[in-house]
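Below: query30.cif (mmCIF, C-alpha atoms and all ligand atoms)
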data_run
loop_
_atom_site.label_atom_id
_atom_site.label_comp_id
_atom_site.auth_asym_id
_atom_site.auth_seq_id
_atom_site.Cartn_x
_atom_site.Cartn_y
_atom_site.Cartn_z
CA MET A 1 0.00 0.00 0.00
CA ILE A 2 1.18 3.52 -0.70
CA GLU A 3 1.80 5.21 2.60
CA ARG A 4 -0.36 8.26 3.13
CA THR A 5 1.38 11.55 3.76
CA LEU A 6 -1.70 13.72 4.20
CA TYR A 7 -1.82 13.31 7.97
CA ASP A 8 0.83 13.66 10.63
CA SER A 9 0.84 11.92 14.01
CA GLU A 10 -1.40 14.56 15.60
CA HIS A 11 -4.10 14.10 12.99
CA LEU A 12 -3.91 10.35 13.49
CA ALA A 13 -4.15 10.73 17.28
CA PHE A 14 -7.17 12.96 16.76
CA ALA A 15 -8.74 10.36 14.44
CA ASP A 16 -8.24 7.74 17.17
CA SER A 17 -9.96 9.89 19.75
CA PHE A 18 -12.86 10.64 17.42
CA ARG A 19 -13.12 6.94 16.63
CA ARG A 20 -13.52 6.27 20.35
CA PHE A 21 -16.24 8.92 20.46
CA ILE A 22 -18.05 7.15 17.61
CA ASP A 23 -17.69 3.78 19.34
CA LYS A 24 -19.11 5.15 22.59
CA GLU A 25 -21.61 7.84 21.61
CA ILE A 26 -22.77 7.03 18.09
CA ALA A 27 -22.34 3.45 16.87
CA PRO A 28 -24.28 1.77 19.70
CA HIS A 29 -27.32 3.96 18.98
CA HIS A 30 -27.19 4.28 15.22
CA ALA A 31 -29.53 1.39 14.41
CA GLN A 32 -32.15 2.86 16.76
CA TRP A 33 -31.67 6.29 15.17
CA GLU A 34 -32.27 4.70 11.77
CA GLU A 35 -35.56 3.34 13.11
CA GLN A 36 -36.69 6.74 14.40
CA GLY A 37 -35.37 8.65 11.37
CA TYR A 38 -33.10 11.08 13.18
CA VAL A 39 -30.14 11.10 15.53
CA ASP A 40 -30.74 12.09 19.13
CA ARG A 41 -30.26 15.82 19.52
CA ALA A 42 -28.02 15.18 22.53
CA VAL A 43 -25.26 13.75 20.35
CA TRP A 44 -24.75 17.22 18.89
CA ALA A 45 -24.15 18.71 22.33
CA ARG A 46 -21.84 15.85 23.29
CA ALA A 47 -19.84 16.36 20.10
CA GLY A 48 -19.66 20.08 20.88
CA ASP A 49 -18.57 19.42 24.47
CA ASN A 50 -15.76 17.23 23.18
CA GLY A 51 -14.58 19.80 20.65
CA PHE A 52 -15.69 17.76 17.63
CA LEU A 53 -17.78 20.46 15.93
CA CYS A 54 -16.46 23.34 13.83
CA MET A 55 -12.89 22.49 14.75
CA THR A 56 -11.42 24.60 11.97
CA LEU A 57 -13.08 27.82 13.16
CA PRO A 58 -10.73 30.29 14.84
CA GLU A 59 -10.70 30.02 18.64
CA GLU A 60 -12.33 33.43 19.04
CA TYR A 61 -15.47 31.97 17.42
CA GLY A 62 -15.51 28.78 19.45
CA GLY A 63 -13.40 26.55 17.22
CA ALA A 64 -9.96 25.09 17.76
CA GLY A 65 -8.22 26.85 14.89
CA ALA A 66 -7.47 23.37 13.54
CA ASP A 67 -6.25 22.83 10.00
CA LEU A 68 -8.66 21.26 7.54
CA ARG A 69 -7.03 17.86 7.81
CA TYR A 70 -8.66 17.35 11.21
CA SER A 71 -12.04 17.72 9.55
CA MET A 72 -10.96 15.45 6.72
CA ALA A 73 -9.91 12.79 9.23
CA GLN A 74 -13.22 13.18 11.03
CA MET A 75 -15.18 12.70 7.80
CA GLU A 76 -13.22 9.54 7.08
CA GLU A 77 -13.99 8.16 10.52
CA ILE A 78 -17.72 8.79 10.17
CA ALA A 79 -17.73 7.14 6.72
CA ARG A 80 -15.62 4.23 7.93
CA ALA A 81 -18.04 3.57 10.78
CA GLY A 82 -21.05 3.79 8.43
CA CYS A 83 -22.72 6.35 10.69
CA SER A 84 -24.50 8.11 7.88
CA GLY A 85 -27.02 9.84 10.13
CA ILE A 86 -24.34 12.13 11.49
CA GLY A 87 -24.47 15.53 9.79
CA PHE A 88 -21.41 17.05 11.46
CA GLY A 89 -19.55 17.55 8.18
CA LEU A 90 -22.24 19.70 6.59
CA HIS A 91 -22.69 21.65 9.83
CA SER A 92 -19.00 22.24 10.51
CA GLU A 93 -17.49 22.43 7.05
CA ILE A 94 -20.28 23.83 4.90
CA VAL A 95 -22.61 25.94 7.06
CA ALA A 96 -20.06 27.43 9.48
CA PRO A 97 -17.56 28.37 6.73
CA TYR A 98 -20.22 30.41 4.89
CA ILE A 99 -20.67 32.50 8.03
CA LEU A 100 -16.94 32.68 8.70
CA HIS A 101 -16.03 33.70 5.15
CA TYR A 102 -18.92 35.95 4.24
CA GLY A 103 -20.68 36.90 7.49
CA THR A 104 -20.46 40.24 9.23
CA GLU A 105 -18.54 40.36 12.51
CA GLU A 106 -21.85 40.54 14.34
CA GLN A 107 -23.16 37.44 12.53
CA LYS A 108 -19.97 35.52 13.29
CA ARG A 109 -20.19 36.36 16.99
CA ARG A 110 -23.90 35.58 17.12
CA TYR A 111 -23.84 32.20 15.42
CA LEU A 112 -20.43 30.57 15.21
CA PRO A 113 -19.87 29.84 18.94
CA ARG A 114 -23.34 28.31 19.13
CA LEU A 115 -22.65 26.10 16.10
CA ALA A 116 -19.32 25.05 17.62
CA SER A 117 -20.92 24.10 20.94
CA GLY A 118 -23.75 22.16 19.32
CA GLU A 119 -26.31 24.51 20.83
CA MET A 120 -27.36 25.24 17.24
CA VAL A 121 -27.55 22.74 14.39
CA GLY A 122 -26.88 24.20 10.97
CA ALA A 123 -28.30 23.43 7.53
CA ILE A 124 -28.12 24.92 4.06
CA ALA A 125 -31.22 25.10 1.90
CA MET A 126 -30.63 25.44 -1.82
CA THR A 127 -32.77 22.72 -3.40
CA GLU A 128 -36.47 23.27 -4.07
CA PRO A 129 -39.11 20.90 -5.36
CA GLY A 130 -38.70 22.52 -8.79
CA ALA A 131 -34.99 23.42 -8.74
CA GLY A 132 -32.10 21.11 -7.88
CA SER A 133 -29.36 20.94 -10.48
CA ASP A 134 -30.52 24.23 -11.94
CA LEU A 135 -29.95 26.44 -8.92
CA GLN A 136 -30.58 29.57 -10.91
CA GLY A 137 -34.19 28.42 -11.10
CA VAL A 138 -34.69 28.91 -7.35
CA LYS A 139 -38.15 30.38 -6.75
CA THR A 140 -37.89 31.28 -3.05
CA THR A 141 -38.01 35.04 -2.72
CA ALA A 142 -36.74 37.45 -0.08
CA GLN A 143 -38.35 40.84 -0.58
CA LEU A 144 -36.90 43.79 1.33
CA SER A 145 -39.63 45.59 3.29
CA ALA A 146 -40.47 49.22 2.47
CA GLY A 147 -38.56 50.54 5.49
CA GLY A 148 -35.65 48.18 4.84
CA SER A 149 -35.85 46.63 8.32
CA HIS A 150 -36.50 43.06 7.20
CA TYR A 151 -36.90 40.65 4.30
CA VAL A 152 -40.12 38.75 3.73
CA VAL A 153 -39.21 35.22 2.71
CA ASN A 154 -41.59 32.98 0.78
CA GLY A 155 -40.97 29.58 -0.77
CA SER A 156 -40.14 25.99 0.04
CA LYS A 157 -37.06 23.80 0.11
CA THR A 158 -36.67 20.05 0.02
CA PHE A 159 -34.09 17.33 0.74
CA ILE A 160 -32.39 19.49 3.39
CA THR A 161 -29.74 17.62 5.39
CA ASN A 162 -30.02 18.30 9.16
CA GLY A 163 -33.26 20.06 8.23
CA TRP A 164 -35.44 18.75 11.00
CA HIS A 165 -32.95 19.44 13.80
CA ALA A 166 -31.78 22.70 12.26
CA ASP A 167 -31.81 25.84 14.38
CA LEU A 168 -30.10 27.93 11.73
CA VAL A 169 -30.62 27.56 8.00
CA ILE A 170 -28.73 29.38 5.28
CA VAL A 171 -31.51 29.91 2.76
CA VAL A 172 -30.80 30.57 -0.90
CA ALA A 173 -33.39 33.09 -2.08
CA LYS A 174 -33.95 35.63 -4.82
CA THR A 175 -33.76 39.20 -3.56
CA ASP A 176 -34.16 40.32 -7.17
CA PRO A 177 -36.06 37.63 -9.09
CA ALA A 178 -35.56 39.43 -12.42
CA ALA A 179 -31.76 39.48 -12.13
CA GLY A 180 -31.08 35.71 -12.46
CA ALA A 181 -27.97 34.53 -10.61
CA LYS A 182 -27.13 38.13 -9.74
CA GLY A 183 -30.37 38.44 -7.81
CA THR A 184 -29.53 35.55 -5.46
CA SER A 185 -28.77 36.14 -1.79
CA LEU A 186 -28.18 34.04 1.32
CA LEU A 187 -30.33 34.59 4.39
CA LEU A 188 -29.79 33.33 7.91
CA VAL A 189 -33.15 31.98 9.00
CA GLU A 190 -33.59 30.80 12.57
CA ARG A 191 -35.88 28.20 14.06
CA GLY A 192 -38.86 29.92 15.65
CA MET A 193 -39.15 32.79 13.18
CA PRO A 194 -42.93 33.00 12.56
CA GLY A 195 -43.86 31.42 9.23
CA PHE A 196 -40.80 29.14 9.11
CA GLU A 197 -42.10 25.57 9.30
CA LYS A 198 -40.42 22.19 9.09
CA GLY A 199 -42.15 19.68 6.83
CA GLN A 200 -41.80 15.94 6.86
CA ARG A 201 -38.64 14.08 7.67
CA LEU A 202 -38.23 12.37 4.32
CA LYS A 203 -38.17 8.57 4.19
CA LYS A 204 -35.10 7.62 2.24
CA VAL A 205 -33.60 4.52 0.65
CA GLY A 206 -30.49 4.92 2.81
CA MET A 207 -29.00 7.37 5.32
CA LYS A 208 -32.06 6.57 7.38
CA ALA A 209 -30.85 8.22 10.58
CA GLN A 210 -30.25 11.52 8.74
CA ASP A 211 -33.07 14.01 9.37
CA THR A 212 -33.38 15.16 5.76
CA SER A 213 -36.44 17.43 5.61
CA GLU A 214 -38.68 19.78 3.75
CA LEU A 215 -38.73 23.40 4.89
CA PHE A 216 -41.47 25.97 4.27
CA PHE A 217 -41.31 29.75 4.42
CA ASN A 218 -44.58 31.66 4.53
CA ASP A 219 -44.13 35.41 4.87
CA VAL A 220 -41.22 34.88 7.24
CA LYS A 221 -39.96 38.26 8.45
CA VAL A 222 -36.19 37.90 8.52
CA PRO A 223 -34.36 40.91 10.00
CA ALA A 224 -32.27 42.75 7.41
CA GLY A 225 -29.28 42.06 9.67
CA ASN A 226 -29.67 38.37 8.78
CA LEU A 227 -28.65 38.86 5.16
CA LEU A 228 -25.36 36.94 5.13
CA GLY A 229 -22.57 39.48 4.88
CA GLY A 230 -24.80 42.52 5.26
CA PRO A 231 -26.25 44.87 2.63
CA ALA A 232 -23.15 44.80 0.41
CA MET A 233 -23.69 41.06 -0.14
CA GLN A 234 -27.23 41.39 -1.47
CA GLY A 235 -27.26 39.70 -4.88
CA LYS A 236 -23.88 38.03 -4.33
CA GLY A 237 -25.15 34.72 -2.99
CA PHE A 238 -24.45 32.80 -6.17
CA VAL A 239 -20.80 33.84 -6.12
CA CYS A 240 -20.49 32.55 -2.54
CA LEU A 241 -22.11 29.24 -3.54
CA MET A 242 -19.69 28.82 -6.45
CA GLU A 243 -16.65 29.65 -4.31
CA GLN A 244 -17.49 27.01 -1.75
CA LEU A 245 -18.07 24.22 -4.26
CA PRO A 246 -14.55 22.72 -4.42
CA TRP A 247 -14.44 22.00 -0.69
CA GLU A 248 -18.05 20.78 -0.58
CA ARG A 249 -17.43 18.36 -3.43
CA LEU A 250 -14.14 17.18 -2.01
CA GLN A 251 -15.88 16.32 1.26
CA ILE A 252 -18.10 13.90 -0.64
CA ALA A 253 -15.06 12.36 -2.34
CA ILE A 254 -13.29 11.93 1.01
CA SER A 255 -16.21 10.02 2.46
CA ALA A 256 -16.63 7.98 -0.76
CA VAL A 257 -13.09 6.65 -0.58
CA ALA A 258 -13.27 5.93 3.16
CA SER A 259 -16.57 4.18 2.80
CA ALA A 260 -15.39 2.05 -0.14
CA GLN A 261 -12.30 1.05 1.84
CA ALA A 262 -14.45 0.10 4.82
CA ALA A 263 -16.58 -2.09 2.55
CA ILE A 264 -13.49 -3.86 1.23
CA ASP A 265 -12.19 -4.44 4.77
CA GLU A 266 -15.55 -5.76 5.87
CA THR A 267 -15.70 -8.10 2.87
CA VAL A 268 -12.14 -9.37 3.27
CA ALA A 269 -13.10 -10.48 6.78
CA TYR A 270 -16.42 -12.00 5.68
CA VAL A 271 -15.15 -14.08 2.76
CA GLN A 272 -12.53 -15.70 4.95
CA GLN A 273 -15.03 -17.08 7.42
CA ARG A 274 -17.89 -17.90 5.01
CA LYS A 275 -17.62 -21.33 3.40
CA ALA A 276 -19.09 -22.70 0.16
CA PHE A 277 -18.26 -26.02 -1.53
CA GLY A 278 -16.11 -26.86 1.48
CA GLN A 279 -13.80 -23.91 1.16
CA PRO A 280 -13.76 -20.28 2.23
CA VAL A 281 -15.40 -17.94 -0.27
CA ALA A 282 -12.04 -16.16 -0.21
CA ALA A 283 -10.48 -19.13 -2.00
CA PHE A 284 -12.44 -18.61 -5.23
CA GLN A 285 -10.48 -16.79 -7.87
CA ASN A 286 -13.47 -14.56 -8.62
CA THR A 287 -13.54 -13.38 -5.01
CA ARG A 288 -9.83 -12.68 -4.97
CA PHE A 289 -9.80 -10.87 -8.30
CA THR A 290 -12.87 -8.83 -7.44
CA LEU A 291 -11.27 -7.66 -4.21
CA ALA A 292 -7.90 -7.04 -5.91
CA GLN A 293 -9.62 -4.88 -8.50
CA ALA A 294 -11.56 -2.98 -5.82
CA GLN A 295 -8.49 -2.40 -3.67
CA THR A 296 -6.47 -1.20 -6.65
CA GLU A 297 -9.11 1.28 -7.70
CA VAL A 298 -9.69 2.54 -4.16
CA GLN A 299 -5.97 3.05 -3.69
CA VAL A 300 -5.79 5.04 -6.94
CA ALA A 301 -8.77 7.09 -5.76
CA ARG A 302 -7.22 7.72 -2.36
CA VAL A 303 -3.97 9.01 -3.85
CA PHE A 304 -5.94 11.37 -6.08
CA VAL A 305 -8.20 12.58 -3.29
CA ASP A 306 -5.29 13.06 -0.89
CA LYS A 307 -3.62 15.20 -3.55
CA CYS A 308 -6.85 17.21 -3.89
CA CYS A 309 -6.86 17.65 -0.10
CA GLU A 310 -3.34 19.06 -0.24
CA LEU A 311 -4.33 21.37 -3.08
CA LEU A 312 -7.36 22.54 -1.16
CA GLN A 313 -5.22 23.34 1.85
CA ALA A 314 -2.94 25.35 -0.41
CA LYS A 315 -6.07 27.08 -1.82
CA GLN A 316 -5.27 25.67 -5.25
CA LEU A 317 -8.07 23.17 -5.81
CA ASP A 318 -10.13 24.24 -8.80
CA THR A 319 -13.80 23.41 -9.24
CA ALA A 320 -13.27 21.08 -12.21
CA THR A 321 -10.72 18.93 -10.36
CA ALA A 322 -12.97 18.78 -7.30
CA SER A 323 -15.81 17.74 -9.62
CA MET A 324 -13.63 14.97 -11.06
CA ALA A 325 -12.94 13.75 -7.55
CA LYS A 326 -16.63 13.85 -6.61
CA PHE A 327 -17.97 12.03 -9.66
CA TRP A 328 -15.24 9.46 -10.04
CA THR A 329 -14.97 8.42 -6.39
CA THR A 330 -18.71 8.22 -5.83
CA ASP A 331 -19.19 6.10 -8.96
CA LEU A 332 -16.36 3.93 -7.66
CA GLN A 333 -17.86 3.76 -4.17
CA CYS A 334 -21.14 2.44 -5.58
CA LYS A 335 -19.40 -0.10 -7.83
CA VAL A 336 -17.08 -1.38 -5.11
CA ILE A 337 -19.82 -1.68 -2.51
CA ASP A 338 -22.10 -3.43 -4.99
CA ASP A 339 -19.35 -5.98 -5.67
CA CYS A 340 -18.89 -6.41 -1.93
CA VAL A 341 -22.61 -7.05 -1.49
CA GLN A 342 -22.35 -9.74 -4.17
CA LEU A 343 -19.50 -11.43 -2.29
CA HIS A 344 -21.69 -11.51 0.83
CA GLY A 345 -24.39 -13.46 -1.02
CA GLY A 346 -27.87 -13.19 0.52
CA TYR A 347 -26.48 -11.80 3.76
CA GLY A 348 -25.32 -8.79 1.81
CA TYR A 349 -28.96 -7.90 1.25
CA MET A 350 -29.88 -8.05 4.94
CA TRP A 351 -30.16 -4.69 6.72
CA GLU A 352 -28.39 -5.96 9.83
CA TYR A 353 -25.23 -6.44 7.78
CA PRO A 354 -23.12 -3.26 7.53
CA ILE A 355 -22.48 -3.94 3.85
CA ALA A 356 -26.20 -3.71 3.07
CA ARG A 357 -26.45 -0.35 4.84
CA ALA A 358 -23.31 0.89 3.11
CA TRP A 359 -24.86 -0.05 -0.25
CA ALA A 360 -28.06 1.86 0.48
CA ASP A 361 -26.18 4.84 1.94
CA ALA A 362 -23.81 5.08 -1.02
CA ARG A 363 -26.33 5.67 -3.78
CA VAL A 364 -27.08 9.27 -2.93
CA GLN A 365 -23.44 10.24 -3.15
CA ARG A 366 -23.81 10.32 -6.95
CA ILE A 367 -26.85 12.59 -6.64
CA TYR A 368 -26.31 15.25 -3.98
CA GLY A 369 -23.68 17.99 -3.90
CA GLY A 370 -24.38 18.36 -7.64
CA THR A 371 -25.22 15.20 -9.58
CA ASN A 372 -22.41 13.35 -11.29
CA GLU A 373 -23.83 14.47 -14.65
CA ILE A 374 -23.47 18.09 -13.52
CA MET A 375 -19.89 17.28 -12.45
CA LYS A 376 -19.17 16.14 -16.00
CA GLU A 377 -20.67 19.35 -17.37
CA VAL A 378 -18.34 21.35 -15.11
CA ILE A 379 -15.34 19.32 -16.28
CA THR A 380 -16.20 19.76 -19.97
CA ARG A 381 -16.45 23.52 -19.48
CA ALA A 382 -12.93 23.57 -18.02
CA MET A 383 -11.80 21.58 -21.07
CA GLY A 384 -12.99 24.39 -23.29
CA LEU A 385 -15.90 22.48 -24.75
CA PRO A 386 -18.88 24.68 -25.54
CA ALA A 387 -21.71 24.70 -23.00
CA ARG A 388 -24.91 22.87 -23.93
C1 LIG B 1 -30.25 12.69 0.95
C2 LIG B 1 -30.15 14.01 0.28
C3 LIG B 1 -29.60 15.08 0.97
C4 LIG B 1 -29.54 16.34 0.37
N1 LIG B 1 -29.09 17.42 1.10
C5 LIG B 1 -29.25 18.67 0.59
C6 LIG B 1 -28.98 19.82 1.39
O1 LIG B 1 -28.56 19.73 2.55
N2 LIG B 1 -29.22 21.05 0.86
C7 LIG B 1 -29.67 21.21 -0.41
O2 LIG B 1 -29.87 22.33 -0.84
N3 LIG B 1 -29.92 20.13 -1.22
C8 LIG B 1 -29.74 18.88 -0.74
N4 LIG B 1 -30.01 17.78 -1.51
C9 LIG B 1 -30.49 17.98 -2.87
C10 LIG B 1 -29.51 17.55 -3.95
O3 LIG B 1 -28.39 18.41 -3.98
C11 LIG B 1 -30.28 17.52 -5.27
O4 LIG B 1 -31.18 16.41 -5.18
C12 LIG B 1 -29.39 17.37 -6.47
O5 LIG B 1 -28.64 18.55 -6.68
C13 LIG B 1 -30.18 17.05 -7.76
O6 LIG B 1 -31.25 17.91 -7.93
P1 LIG B 1 -32.69 17.30 -8.26
O7 LIG B 1 -33.00 16.29 -7.22
O8 LIG B 1 -33.65 18.43 -8.41
O9 LIG B 1 -32.52 16.54 -9.62
P2 LIG B 1 -32.72 17.18 -11.08
O10 LIG B 1 -31.99 18.45 -11.19
O11 LIG B 1 -34.18 17.17 -11.40
O12 LIG B 1 -32.00 16.08 -11.98
C14 LIG B 1 -32.67 14.91 -12.54
C15 LIG B 1 -31.69 14.25 -13.50
O13 LIG B 1 -31.38 15.13 -14.56
C16 LIG B 1 -30.00 15.26 -14.70
N5 LIG B 1 -29.65 16.61 -15.15
C17 LIG B 1 -30.11 17.79 -14.69
N6 LIG B 1 -29.53 18.80 -15.34
C18 LIG B 1 -28.66 18.24 -16.22
C19 LIG B 1 -27.75 18.74 -17.19
N7 LIG B 1 -27.55 20.05 -17.36
N8 LIG B 1 -27.03 17.87 -17.93
C20 LIG B 1 -27.17 16.54 -17.75
N9 LIG B 1 -28.02 16.00 -16.87
C21 LIG B 1 -28.75 16.84 -16.10
C22 LIG B 1 -29.44 15.03 -13.29
O14 LIG B 1 -28.08 14.67 -13.33
C23 LIG B 1 -30.35 13.90 -12.84
O15 LIG B 1 -29.87 12.68 -13.35
C24 LIG B 1 -30.02 16.50 -0.95
C25 LIG B 1 -30.52 15.40 -1.66
C26 LIG B 1 -30.61 14.18 -1.05
C27 LIG B 1 -31.22 13.05 -1.83
#
Represent the structure of the file as structure tokens.
Ligand SMILES: Cc1cc2nc3c(=O)[nH]c(=O)nc-3n(C[C@H](O)[C@H](O)[C@H](O)COP(=O)(O)OP(=O)(O)OC[C@H]3O[C@@H](n4cnc5c(N)ncnc54)[C@H](O)[C@@H]3O)c2cc1C
Amino acid sequence: MIERTLYDSEHLAFADSFRRFIDKEIAPHHAQWEEQGYVDRAVWARAGDNGFLCMTLPEEYGGAGADLRYSMAQMEEIARAGCSGIGFGLHSEIVAPYILHYGTEEQKRRYLPRLASGEMVGAIAMTEPGAGSDLQGVKTTAQLSAGGSHYVVNGSKTFITNGWHADLVIVVAKTDPAAGAKGTSLLLVERGMPGFEKGQRLKKVGMKAQDTSELFFNDVKVPAGNLLGGPAMQGKGFVCLMEQLPWERLQIAISAVASAQAAIDETVAYVQQRKAFGQPVAAFQNTRFTLAQAQTEVQVARVFVDKCCELLQAKQLDTATASMAKFWTTDLQCKVIDDCVQLHGGYGYMWEYPIARAWADARVQRIYGGTNEIMKEVITRAMGLPAR
């Protein structure tokens, strides 16, 4: 195996401690959380108490000032353990960074320490029933009131990760519906604002403990001070969304590789103890070649993703390369896990087997964060091919 150079001993020690947290606070409850359709709210506070949320935020905002590799290691551990209900990554490395990078000082002080402690759960609401891939088609509006004191938000969002637990939602809305992408802004909408309602927790094929929800906004009066970044950022929401894409897509790739590796490890153990025709399943050439192929491809993927992680840290990861990582590793994850299910035989189709859960959890990785078809569109644009 090619030795990884992404992490140093401190990152690895951190990964060990987070693994112990998963073993104690998450894994024993995850099956029950899948049954109920959401993780217990208390796990957020416990993660906050232990310093496992928003670690990369500066200390003055409640973080640990950690470098991004701590978050990367954490994402790998969650994927490895198959704890797909845990939405820490989106909370810590998508929601909080928007506020850190674009928020006013007042917004940072108001929200970031509460996200870091787990007092608030964060979500980001872009997708609507009628607009997913085509984000410019967002219909949710945020109309500035006559006196300029607040925005009136109307619309609905769907498929929102952490949506049901969320206390703070970054809502993508049109402040100038006639201006296309240039009329898009980001609003900080809090639980309890009149007219902001949570819809159903959506029943999904996988990630069953994740509280993915619908959100509704009916004449919600959002104070003007909750426009992310203040008045100067009105109409600049789309630019923020585009700037954050490389890291968001890389996060999916990181978990794809870790999850595929976990499936291989699980299967290597299984095929050695399962017997057919008087010999371990591991003895069949098909089993061995399938696993050799999977391990080769996952190693290739890991080297590429680790390189992308280094580039991201150096602020040199471009959107097209991040899109390559997202589409290629998630396709690979699904292929590898499907092969691993096959090597488990009928047991691979039983929910109590981790490989079955991993298979169901994996499928969405090719869909969210921008579908893999959209990733290919982004790549072709960087190649100089004309847009559709
Ligand atoms: C479990 C889960 C969690 C999610 N979490 C969040 C979240 O936290 N926040 C959020 O805002 N959203 C979230 N999403 C939404 C997700 O990002 C969207 O589902 C995704 O972007 C696709 O949009 P869509 O579902 O509207 O599909 P559509 O856009 O309707 O796509 C349908 C099909 O058409 C294809 N297609 C569309 N346009 C093109 C094109 N130009 N070229 C080629 N093919 C194209 C797509 O690739 C796809 O195959 C989540 C989704 C799921 C399932």
Query - Near-Gln342 in chain A list (12 Å; all atoms listed in the file; drop same-chain fewer than 4 positions) as number ranges by chain - result: A: 263-264, 267, 270-271, 281, 286-287, 290-291, 335-338, 346-350, 355-356, 359
Report task. With a distance cut-off of 8 Å and all atoms listed in the file, select the neighbouring residues of Ile26 in chain A, excluding the residue or stretch itself and same-chain residues fewer than 5 positions from it, and output the selection as a count of residues only. Result -> 3
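Close contacts of range 129-131 of chain A, defined as residues with an atom at most 9 Å away when counting all atoms listed in the file, with chain neighbours fewer than 5 positions off set aside, comprise A:Gln136, A:Gly137, A:Val138, A:Lys139, A:Ser156, A:Lys157, A:Thr158, A:Phe159.
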Requested in this report: Give the residue list for ligand LIG 1 (chain B) at 9 Å, counting only C-alpha atoms and all ligand atoms, as a PyMOL selection string, sorted by chain and then by residue number.
Outcome: chain A and resi 90+123-135+157-163+171-172+202+204-207+210-213+361+364-377+388
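Candidate residues A:Met324, A:Met233, A:Leu343, A:Ala269 were compared for distance to Thr380 in chain A, and the nearest is A:Met324, using all atoms listed in the file.
Nearest-residue note for Glu76 in chain A: choosing from A:Ala178, A:Ala209, A:Leu250, A:Leu241, the minimum distance belongs to A:Leu250, counting all atoms listed in the file.
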**Report entry** 10 Å contact set for Ala262 in chain A, all atoms listed in the file, chain neighbours under 5 positions out, as a list in words
**Finding:** Glu76, Glu77, Ala79, Arg80, Ala81, Gly82, Ala256, Val257, Thr267, Val268, Ile337, Pro354, Ile355 and Ala358 of chain A
Requested in this report: Would you list the contacts of Leu186 in chain A as a list in words, taking every protein, DNA or RNA residue within 9 Å and counting only C-alpha atoms, but skipping same-chain residues closer than 3 positions in sequence?
Outcome: Ile170, Val171, Val172, Ala173, Lys174, Asn226, Leu227, Leu228, Gly229, Met233, Gln234, Gly235, Lys236, Gly237, Phe238 and Cys240 of chain A
Just the selected residues (C-alpha atoms), exported as a PDB file, in the frame of the given file, please.
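See out12.pdb below for the written result:
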ATOM      1  CA  ILE A 170     -28.730  29.380   5.280  1.00  0.00           C
ATOM      2  CA  VAL A 171     -31.510  29.910   2.760  1.00  0.00           C
ATOM      3  CA  VAL A 172     -30.800  30.570  -0.900  1.00  0.00           C
ATOM      4  CA  ALA A 173     -33.390  33.090  -2.080  1.00  0.00           C
ATOM      5  CA  LYS A 174     -33.950  35.630  -4.820  1.00  0.00           C
ATOM      6  CA  ASN A 226     -29.670  38.370   8.780  1.00  0.00           C
ATOM      7  CA  LEU A 227     -28.650  38.860   5.160  1.00  0.00           C
ATOM      8  CA  LEU A 228     -25.360  36.940   5.130  1.00  0.00           C
ATOM      9  CA  GLY A 229     -22.570  39.480   4.880  1.00  0.00           C
ATOM     10  CA  MET A 233     -23.690  41.060  -0.140  1.00  0.00           C
ATOM     11  CA  GLN A 234     -27.230  41.390  -1.470  1.00  0.00           C
ATOM     12  CA  GLY A 235     -27.260  39.700  -4.880  1.00  0.00           C
ATOM     13  CA  LYS A 236     -23.880  38.030  -4.330  1.00  0.00           C
ATOM     14  CA  GLY A 237     -25.150  34.720  -2.990  1.00  0.00           C
ATOM     15  CA  PHE A 238     -24.450  32.800  -6.170  1.00  0.00           C
ATOM     16  CA  CYS A 240     -20.490  32.550  -2.540  1.00  0.00           C
TER      17      CYS A 240
END
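Minimum atom-to-atom distances from A:Pro280, A:Gly85, A:Pro386, A:Pro231 to Tyr151 in chain A were compared using all atoms listed in the file, and the lowest value belongs to A:Pro231.
Nearest residue to Lys182 in chain A among A:Ala260, A:Leu311, A:Val239, A:Ser255 is A:Val239, counting all atoms listed in the file.
When CA of Val189 in chain A is paired with CA of Arg109 in chain A, their separation reads 15.8 Å.
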Query raised in the report: Suppose you want the space between CA of Glu59 in chain A and CA of Pro113 in chain A; what is it in Å?
Result: 9.2 Å
